[in-house]
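Asks: Dropping in work.tsv, which is TSV, C-alpha atoms and all ligand atoms:
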chain	number	residue	atom	x	y	z
B	1	MET	CA	0.78	6.75	-14.67
B	2	THR	CA	3.77	8.41	-16.28
B	3	ASP	CA	3.59	11.10	-13.60
B	4	TRP	CA	4.73	8.52	-11.03
B	5	ILE	CA	7.64	7.55	-13.23
B	6	SER	CA	8.73	11.18	-13.59
B	7	ARG	CA	8.37	11.71	-9.83
B	8	TRP	CA	10.81	8.87	-9.23
B	9	GLU	CA	13.14	10.17	-11.93
B	10	SER	CA	13.26	13.62	-10.32
B	11	ASN	CA	13.18	12.29	-6.74
B	12	ARG	CA	9.87	14.05	-5.89
B	13	ILE	CA	8.82	11.37	-3.41
B	14	GLY	CA	7.48	13.35	-0.46
B	15	TRP	CA	5.33	10.40	0.66
B	16	HIS	CA	8.38	8.25	1.40
B	17	ALA	CA	8.91	7.80	5.14
B	18	GLU	CA	12.21	6.97	6.79
B	19	GLN	CA	10.48	5.64	9.91
B	20	VAL	CA	8.55	2.39	10.05
B	21	ASN	CA	4.84	3.14	10.08
B	22	ARG	CA	3.58	3.05	13.66
B	23	HIS	CA	0.25	1.51	12.65
B	24	LEU	CA	1.97	-1.40	10.94
B	25	ASN	CA	4.00	-1.94	14.08
B	26	LYS	CA	0.91	-1.69	16.29
B	27	TYR	CA	-1.45	-3.84	14.22
B	28	LEU	CA	0.92	-6.38	12.65
B	29	ASP	CA	-0.37	-9.17	14.88
B	30	ARG	CA	-3.89	-8.59	13.52
B	31	PHE	CA	-2.68	-10.29	10.33
B	32	GLU	CA	-2.43	-13.53	12.35
B	33	LEU	CA	0.31	-14.79	10.04
B	34	SER	CA	1.82	-18.25	10.33
B	35	PHE	CA	5.44	-19.00	9.54
B	36	GLY	CA	6.22	-18.78	5.83
B	37	GLU	CA	3.15	-16.73	4.88
B	38	SER	CA	3.59	-13.55	2.87
B	39	VAL	CA	2.43	-9.96	3.02
B	40	PHE	CA	1.58	-8.30	-0.29
B	41	VAL	CA	2.43	-4.60	-0.59
B	42	PRO	CA	0.65	-3.09	-3.60
B	43	LEU	CA	2.17	0.10	-5.07
B	44	CYS	CA	5.07	-0.46	-2.72
B	45	GLY	CA	7.51	2.30	-3.72
B	46	LYS	CA	10.64	1.72	-1.65
B	47	THR	CA	8.85	1.72	1.68
B	48	ASN	CA	11.01	0.80	4.65
B	49	ASP	CA	7.99	-1.04	6.01
B	50	MET	CA	8.99	-3.91	3.72
B	51	GLN	CA	12.39	-4.13	5.38
B	52	TYR	CA	10.63	-4.09	8.77
B	53	LEU	CA	8.52	-7.09	7.71
B	54	LEU	CA	11.62	-8.93	6.45
B	55	GLU	CA	13.33	-8.34	9.79
B	56	LYS	CA	10.30	-9.99	11.44
B	57	ASN	CA	10.89	-13.03	9.18
B	58	ILE	CA	7.77	-12.26	7.18
B	59	LYS	CA	7.99	-12.78	3.42
B	60	VAL	CA	7.12	-9.83	1.22
B	61	ILE	CA	5.68	-9.57	-2.28
B	62	GLY	CA	5.38	-6.10	-3.77
B	63	VAL	CA	4.41	-4.48	-7.03
B	64	GLU	CA	5.72	-1.13	-8.19
B	65	MET	CA	5.85	0.48	-11.62
B	66	SER	CA	9.17	2.29	-11.08
B	67	ASN	CA	12.39	0.31	-11.36
B	68	ILE	CA	14.15	3.25	-9.67
B	69	ALA	CA	12.05	2.71	-6.52
B	70	ILE	CA	12.76	-1.02	-6.48
B	71	GLU	CA	16.48	-0.68	-7.12
B	72	GLN	CA	16.76	2.00	-4.41
B	73	PHE	CA	14.91	-0.27	-1.97
B	74	PHE	CA	17.46	-3.04	-2.43
B	75	SER	CA	20.52	-0.79	-2.48
B	76	GLU	CA	19.48	1.37	0.51
B	77	ASN	CA	18.84	-1.75	2.58
B	78	ASN	CA	22.03	-3.47	1.39
B	79	LEU	CA	20.09	-6.44	0.06
B	80	ASP	CA	21.31	-8.67	-2.80
B	81	TYR	CA	18.86	-9.43	-5.56
B	82	LEU	CA	18.45	-11.20	-8.88
B	83	VAL	CA	16.53	-9.82	-11.84
B	84	SER	CA	14.47	-11.84	-14.32
B	85	ASN	CA	11.59	-11.35	-16.74
B	86	LEU	CA	8.26	-12.86	-15.78
B	87	GLY	CA	5.30	-12.22	-18.06
B	88	GLN	CA	4.64	-8.48	-18.16
B	89	PHE	CA	6.89	-7.90	-15.16
B	90	VAL	CA	10.53	-7.62	-14.30
B	91	LEU	CA	10.99	-9.60	-11.09
B	92	TYR	CA	13.52	-8.40	-8.53
B	93	GLU	CA	14.06	-11.18	-6.05
B	94	GLY	CA	15.99	-11.08	-2.80
B	95	ASP	CA	16.01	-13.27	0.30
B	96	GLY	CA	12.35	-13.43	1.41
B	97	ILE	CA	11.21	-10.73	-0.99
B	98	LYS	CA	9.86	-10.55	-4.55
B	99	LEU	CA	9.19	-7.14	-6.06
B	100	TYR	CA	7.40	-7.10	-9.41
B	101	CYS	CA	8.19	-4.09	-11.53
B	102	GLY	CA	5.15	-3.30	-13.67
B	103	ASP	CA	1.49	-2.38	-13.49
B	104	PHE	CA	-0.54	-3.54	-10.47
B	105	PHE	CA	-3.52	-4.05	-12.78
B	106	ASP	CA	-1.58	-6.71	-14.73
B	107	LEU	CA	-0.93	-8.77	-11.60
B	108	ASP	CA	-2.98	-11.91	-11.04
B	109	SER	CA	-3.35	-14.39	-8.20
B	110	ARG	CA	-0.53	-16.62	-9.52
B	111	TYR	CA	1.92	-13.96	-8.39
B	112	LEU	CA	0.52	-13.91	-4.84
B	113	GLU	CA	1.35	-17.39	-3.64
B	114	ASN	CA	0.89	-17.77	0.12
B	115	VAL	CA	-0.23	-14.15	0.56
B	116	LYS	CA	-2.43	-13.97	3.65
B	117	ALA	CA	-2.19	-10.26	4.30
B	118	ILE	CA	-2.02	-7.02	2.36
B	119	TYR	CA	-0.49	-3.78	3.61
B	120	ASP	CA	-1.84	-0.64	1.97
B	121	ARG	CA	-0.21	2.58	3.07
B	122	ALA	CA	-0.41	5.45	0.56
B	123	SER	CA	-1.56	3.07	-2.20
B	124	LEU	CA	-5.37	3.38	-2.46
B	125	ILE	CA	-5.10	7.08	-1.60
B	126	ALA	CA	-2.49	7.56	-4.34
B	127	LEU	CA	-5.19	6.92	-6.96
B	128	ASP	CA	-7.95	9.15	-8.30
B	129	GLU	CA	-11.59	8.19	-7.83
B	130	GLY	CA	-11.99	6.12	-10.98
B	131	LEU	CA	-8.79	4.19	-10.36
B	132	ARG	CA	-9.74	3.57	-6.73
B	133	GLN	CA	-12.82	1.63	-7.87
B	134	LYS	CA	-10.67	-0.38	-10.26
B	135	TYR	CA	-7.97	-0.92	-7.62
B	136	ALA	CA	-10.38	-2.22	-4.96
B	137	LYS	CA	-12.05	-4.58	-7.43
B	138	HIS	CA	-8.75	-5.89	-8.78
B	139	LEU	CA	-7.25	-6.33	-5.31
B	140	SER	CA	-10.33	-8.20	-4.18
B	141	ASP	CA	-10.19	-10.42	-7.28
B	142	ILE	CA	-6.56	-11.52	-6.86
B	143	ILE	CA	-6.36	-12.23	-3.10
B	144	GLU	CA	-7.53	-15.34	-1.27
B	145	PHE	CA	-10.63	-15.61	0.89
B	146	ASP	CA	-9.85	-14.77	4.53
B	147	ALA	CA	-6.88	-12.60	3.53
B	148	ARG	CA	-6.66	-9.47	5.65
B	149	ILE	CA	-5.90	-5.96	4.47
B	150	LEU	CA	-4.46	-3.30	6.74
B	151	LEU	CA	-5.63	-0.13	5.00
B	152	LEU	CA	-4.45	3.36	5.98
B	153	THR	CA	-6.44	6.30	4.64
B	154	LEU	CA	-6.63	10.07	4.79
B	155	ASN	CA	-9.79	12.10	4.57
B	156	TYR	CA	-10.00	15.86	4.10
B	157	PRO	CA	-12.20	18.28	2.15
B	158	GLN	CA	-11.12	17.33	-1.38
B	159	HIS	CA	-12.22	20.69	-2.81
B	160	GLN	CA	-9.60	22.41	-0.62
B	161	ARG	CA	-6.62	20.69	-2.25
B	162	SER	CA	-5.98	18.30	-5.08
B	163	GLY	CA	-4.45	14.85	-4.67
B	164	PRO	CA	-2.44	12.76	-4.44
B	165	PRO	CA	-2.87	11.86	-1.70
B	166	PHE	CA	-6.60	11.78	-2.39
B	167	ALA	CA	-9.28	11.99	0.29
B	168	VAL	CA	-10.97	8.67	1.04
B	169	SER	CA	-13.82	8.76	3.56
B	170	LYS	CA	-15.16	5.95	5.68
B	171	GLU	CA	-18.25	5.88	3.44
B	172	GLU	CA	-16.03	5.37	0.42
B	173	VAL	CA	-14.11	2.54	2.09
B	174	LYS	CA	-17.47	0.85	2.75
B	175	GLN	CA	-18.65	1.48	-0.78
B	176	LEU	CA	-15.40	0.13	-2.29
B	177	PHE	CA	-15.11	-3.00	-0.17
B	178	ASN	CA	-18.59	-3.79	1.19
B	179	GLY	CA	-20.01	-7.13	0.18
B	180	SER	CA	-16.67	-8.85	-0.30
B	181	PHE	CA	-15.06	-7.82	3.00
B	182	ASP	CA	-15.67	-7.55	6.71
B	183	ILE	CA	-14.66	-3.99	7.57
B	184	GLN	CA	-13.37	-2.95	10.95
B	185	GLU	CA	-12.15	0.54	11.80
B	186	LEU	CA	-9.14	0.21	14.12
B	187	HIS	CA	-8.20	3.87	14.47
B	188	CYS	CA	-9.43	7.30	13.40
B	189	ILE	CA	-8.14	10.70	14.49
B	190	GLU	CA	-8.28	14.28	13.29
B	191	ASP	CA	-4.64	15.31	12.86
B	192	ILE	CA	-4.42	18.65	11.01
B	193	GLU	CA	-1.99	19.92	13.66
B	194	ASN	CA	0.68	17.53	12.35
B	195	GLU	CA	0.09	18.37	8.68
B	196	PRO	CA	1.71	21.76	7.92
B	197	MET	CA	1.33	21.29	4.15
B	198	PHE	CA	-2.42	20.89	4.50
B	199	GLN	CA	-2.55	23.84	6.94
B	200	ASN	CA	-0.69	26.05	4.44
B	201	LEU	CA	-3.32	25.24	1.83
B	202	GLY	CA	-6.11	26.23	4.21
B	203	VAL	CA	-7.46	22.69	4.60
B	204	ASP	CA	-9.94	22.50	7.51
B	205	PHE	CA	-9.23	18.98	8.76
B	206	VAL	CA	-7.24	15.82	8.04
B	207	GLU	CA	-8.69	12.63	9.35
B	208	LYS	CA	-6.37	9.62	9.47
B	209	ALA	CA	-7.91	6.18	9.69
B	210	VAL	CA	-6.78	2.57	9.80
B	211	TYR	CA	-9.04	-0.30	8.76
B	212	LEU	CA	-8.74	-4.05	8.93
B	213	LEU	CA	-10.59	-5.68	6.06
B	214	GLN	CA	-11.05	-9.42	5.70
B	215	LYS	CA	-12.17	-11.00	2.48
B	216	VAL	CA	-15.26	-13.13	3.11
B	217	ARG	CA	-17.14	-15.68	1.03
B	218	MET	CA	-20.37	-14.17	-0.19
O	301	LIG	C1	2.30	7.45	-2.96
O	301	LIG	S1	3.44	6.22	-3.44
O	301	LIG	C2	3.34	5.13	-2.03
O	301	LIG	C3	4.44	4.10	-2.00
O	301	LIG	C4	4.43	3.22	-0.76
O	301	LIG	N1	3.17	2.53	-0.57
O	301	LIG	C5	4.82	3.99	0.47
O	301	LIG	O1	4.07	3.99	1.45
O	301	LIG	O2	5.90	4.59	0.48
O	301	LIG	C6	2.54	5.36	-4.70
O	301	LIG	C7	3.42	4.42	-5.51
O	301	LIG	O3	2.61	3.68	-6.40
O	301	LIG	C8	3.30	3.49	-7.63
O	301	LIG	N2	2.25	3.21	-8.61
O	301	LIG	C9	1.24	4.04	-8.99
O	301	LIG	N3	0.42	3.42	-9.84
O	301	LIG	C10	0.89	2.14	-10.00
O	301	LIG	C11	0.46	1.01	-10.75
O	301	LIG	N4	-0.64	1.04	-11.51
O	301	LIG	N5	1.19	-0.12	-10.67
O	301	LIG	C12	2.31	-0.18	-9.91
O	301	LIG	N6	2.77	0.87	-9.17
O	301	LIG	C13	2.06	2.01	-9.21
O	301	LIG	C14	4.08	4.79	-7.81
O	301	LIG	O4	5.20	4.65	-8.65
O	301	LIG	C15	4.47	5.12	-6.37
O	301	LIG	O5	5.74	4.60	-6.06
Please express the file's structure as structure tokens.
Replies:
Amino acid sequence: MTDWISRWESNRIGWHAEQVNRHLNKYLDRFELSFGESVFVPLCGKTNDMQYLLEKNIKVIGVEMSNIAIEQFFSENNLDYLVSNLGQFVLYEGDGIKLYCGDFFDLDSRYLENVKAIYDRASLIALDEGLRQKYAKHLSDIIEFDARILLLTLNYPQHQRSGPPFAVSKEEVKQLFNGSFDIQELHCIEDIENEPMFQNLGVDFVEKAVYLLQKVRM
């Protein structure tokens, strides 16, 4: 956990993308959001995808342990915000956006009012195997029935490099979410040719997948 904090402190944030994620752009309508509903972004960093959602008039709720990430998000997007203490979190609130600074595992459903969709890019795959189990269970526990998750994963031979990002296979996605979710694979390609860092480490393949999960009543 502290490793993430030190990464932010020393600006080692290679996962951060300047461009809006093309899968979010492509599959946003699969959330089937109505006006005023929110998207929850767990382990949000300072992703520009949140600004993209705001520009589409979609409300955003995020959680992130680093205050540096959150403060950079607001300042780099020229957004005003107020800061307050709320339970175990420091809440940074701007127009249409609430970012909770603290531990995802301390968040409960009271913080996710009107959340109908969850956007997970580089969140599940940021966590090691044990934490992924805990993450999937906690996420499932705090979101409403029918809520949809757009989940982006990477899969590669884990023995050929260490994470993060960690390899998450289709079988693992099923194992983590089966039972509580309908699982639909929207996209899956082998993309080693666009991953020079993986190539340099001698990794054989990098599979990139996008899933739409919907929480169902059991
Ligand atoms: C790989 S980054 C991805 C950030 C963002 N999703 C993106 O696409 O840019 C993972 C982020 O999760 C945060 N993080 C890790 N564990 C966390 C936890 N338990 N609670 C809140 N944030 C956490 C880290 O500080 C880091 O910013």
Asks: Report, as lines of an AutoDock Vina configuration file, the axis-aligned box around all atoms of ligand LIG 301 (chain O) present in the file, extended by 8 Å on each side; give centre and edge lengths in Å to one decimal place.
Replies:
center_x = 2.6
center_y = 3.6
center_z = -5.0
size_x = 22.5
size_y = 23.6
size_z = 29.0
Asks: Using only C-alpha atoms, which residues sit within 9 Å of segment 163-178 of chain B once same-chain residues fewer than 6 positions away are excluded, as a ChimeraX atom specification?
Replies: /B:15,122-129,132-133,136-137,140,153-157,185,206-207,209,211,213,215
Asks: With all atoms listed in the file as the basis for distance, which of B:Lys56, B:His159, B:His138, B:His187 is at the shortest distance from ligand LIG 301 (chain O)?
Replies: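 When distances to ligand LIG 301 (chain O) are compared using all atoms listed in the file, the smallest one comes from B:His138.
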Asks: Within 8 Å of ligand LIG 301 (chain O), counting all atoms listed in the file, which protein or nucleic acid residues do you find, written as a short mmCIF file (atom, residue, chain, number, x, y, z; two decimals) with C-alpha atoms, in the coordinates of the input?
Replies:
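Now in pocket-v4.cif:
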data_model
loop_
_atom_site.label_atom_id
_atom_site.label_comp_id
_atom_site.auth_asym_id
_atom_site.auth_seq_id
_atom_site.Cartn_x
_atom_site.Cartn_y
_atom_site.Cartn_z
CA MET B 1 0.78 6.75 -14.67
CA TRP B 4 4.73 8.52 -11.03
CA ILE B 5 7.64 7.55 -13.23
CA ARG B 7 8.37 11.71 -9.83
CA TRP B 8 10.81 8.87 -9.23
CA ILE B 13 8.82 11.37 -3.41
CA TRP B 15 5.33 10.40 0.66
CA HIS B 16 8.38 8.25 1.40
CA ALA B 17 8.91 7.80 5.14
CA VAL B 41 2.43 -4.60 -0.59
CA PRO B 42 0.65 -3.09 -3.60
CA LEU B 43 2.17 0.10 -5.07
CA CYS B 44 5.07 -0.46 -2.72
CA GLY B 45 7.51 2.30 -3.72
CA LYS B 46 10.64 1.72 -1.65
CA THR B 47 8.85 1.72 1.68
CA ASN B 48 11.01 0.80 4.65
CA ASP B 49 7.99 -1.04 6.01
CA VAL B 63 4.41 -4.48 -7.03
CA GLU B 64 5.72 -1.13 -8.19
CA MET B 65 5.85 0.48 -11.62
CA SER B 66 9.17 2.29 -11.08
CA ALA B 69 12.05 2.71 -6.52
CA CYS B 101 8.19 -4.09 -11.53
CA GLY B 102 5.15 -3.30 -13.67
CA ASP B 103 1.49 -2.38 -13.49
CA PHE B 104 -0.54 -3.54 -10.47
CA PHE B 105 -3.52 -4.05 -12.78
CA ASP B 120 -1.84 -0.64 1.97
CA ARG B 121 -0.21 2.58 3.07
CA ALA B 122 -0.41 5.45 0.56
CA SER B 123 -1.56 3.07 -2.20
CA ILE B 125 -5.10 7.08 -1.60
CA ALA B 126 -2.49 7.56 -4.34
CA LEU B 127 -5.19 6.92 -6.96
CA PRO B 164 -2.44 12.76 -4.44
CA PRO B 165 -2.87 11.86 -1.70
#
Asks: Can you tell me which residues surround Ser84 of chain B at a distance of at most 12 Å, considering all atoms listed in the file, apart from same-chain residues fewer than 5 positions away, and format the answer as a short mmCIF file (atom, residue, chain, number, x, y, z; two decimals) with C-alpha atoms, keeping the file's coordinate frame?
Replies:
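The new file around-v9.cif reads:
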data_model
loop_
_atom_site.label_atom_id
_atom_site.label_comp_id
_atom_site.auth_asym_id
_atom_site.auth_seq_id
_atom_site.Cartn_x
_atom_site.Cartn_y
_atom_site.Cartn_z
CA PHE B 89 6.89 -7.90 -15.16
CA VAL B 90 10.53 -7.62 -14.30
CA LEU B 91 10.99 -9.60 -11.09
CA TYR B 92 13.52 -8.40 -8.53
CA GLU B 93 14.06 -11.18 -6.05
CA GLY B 94 15.99 -11.08 -2.80
CA LYS B 98 9.86 -10.55 -4.55
CA LEU B 99 9.19 -7.14 -6.06
CA TYR B 100 7.40 -7.10 -9.41
CA CYS B 101 8.19 -4.09 -11.53
#
Asks: Between B:Val210, B:Leu112, B:Leu107, B:Gly14, which is the closest to Lys26 of chain B once you count only C-alpha atoms?
Replies: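 With only C-alpha atoms as the atom set, the closest residue is B:Val210.
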Asks: Compare B:Leu82, B:Ile97, B:Leu24, B:Leu131 by their minimum atom-to-atom distance to Lys59 of chain B, counting only C-alpha atoms, and give me the closest one.
Replies: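 So, comparing all the options, the nearest one is B:Ile97.
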Asks: Could you tell me how far atom CA of Asp146 of chain B lies from atom CA of Gln214 of chain B, in Å and to one decimal?
Replies: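 Distance between the two atoms: 5.6 Å.
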Asks: Using all atoms listed in the file, find the one residue out of B:Tyr111, B:Phe31, B:Phe73, B:Phe205 that sits nearest to Gln160 of chain B.
Replies: B:Phe205
Asks: I need the residue nearest Leu212 of chain B from this list: B:Phe35, B:Phe181, B:Tyr135, B:Phe145. Use only C-alpha atoms for the distance.
Replies: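 Among the listed residues, the smallest separation from Leu212 of chain B belongs to B:Phe181.
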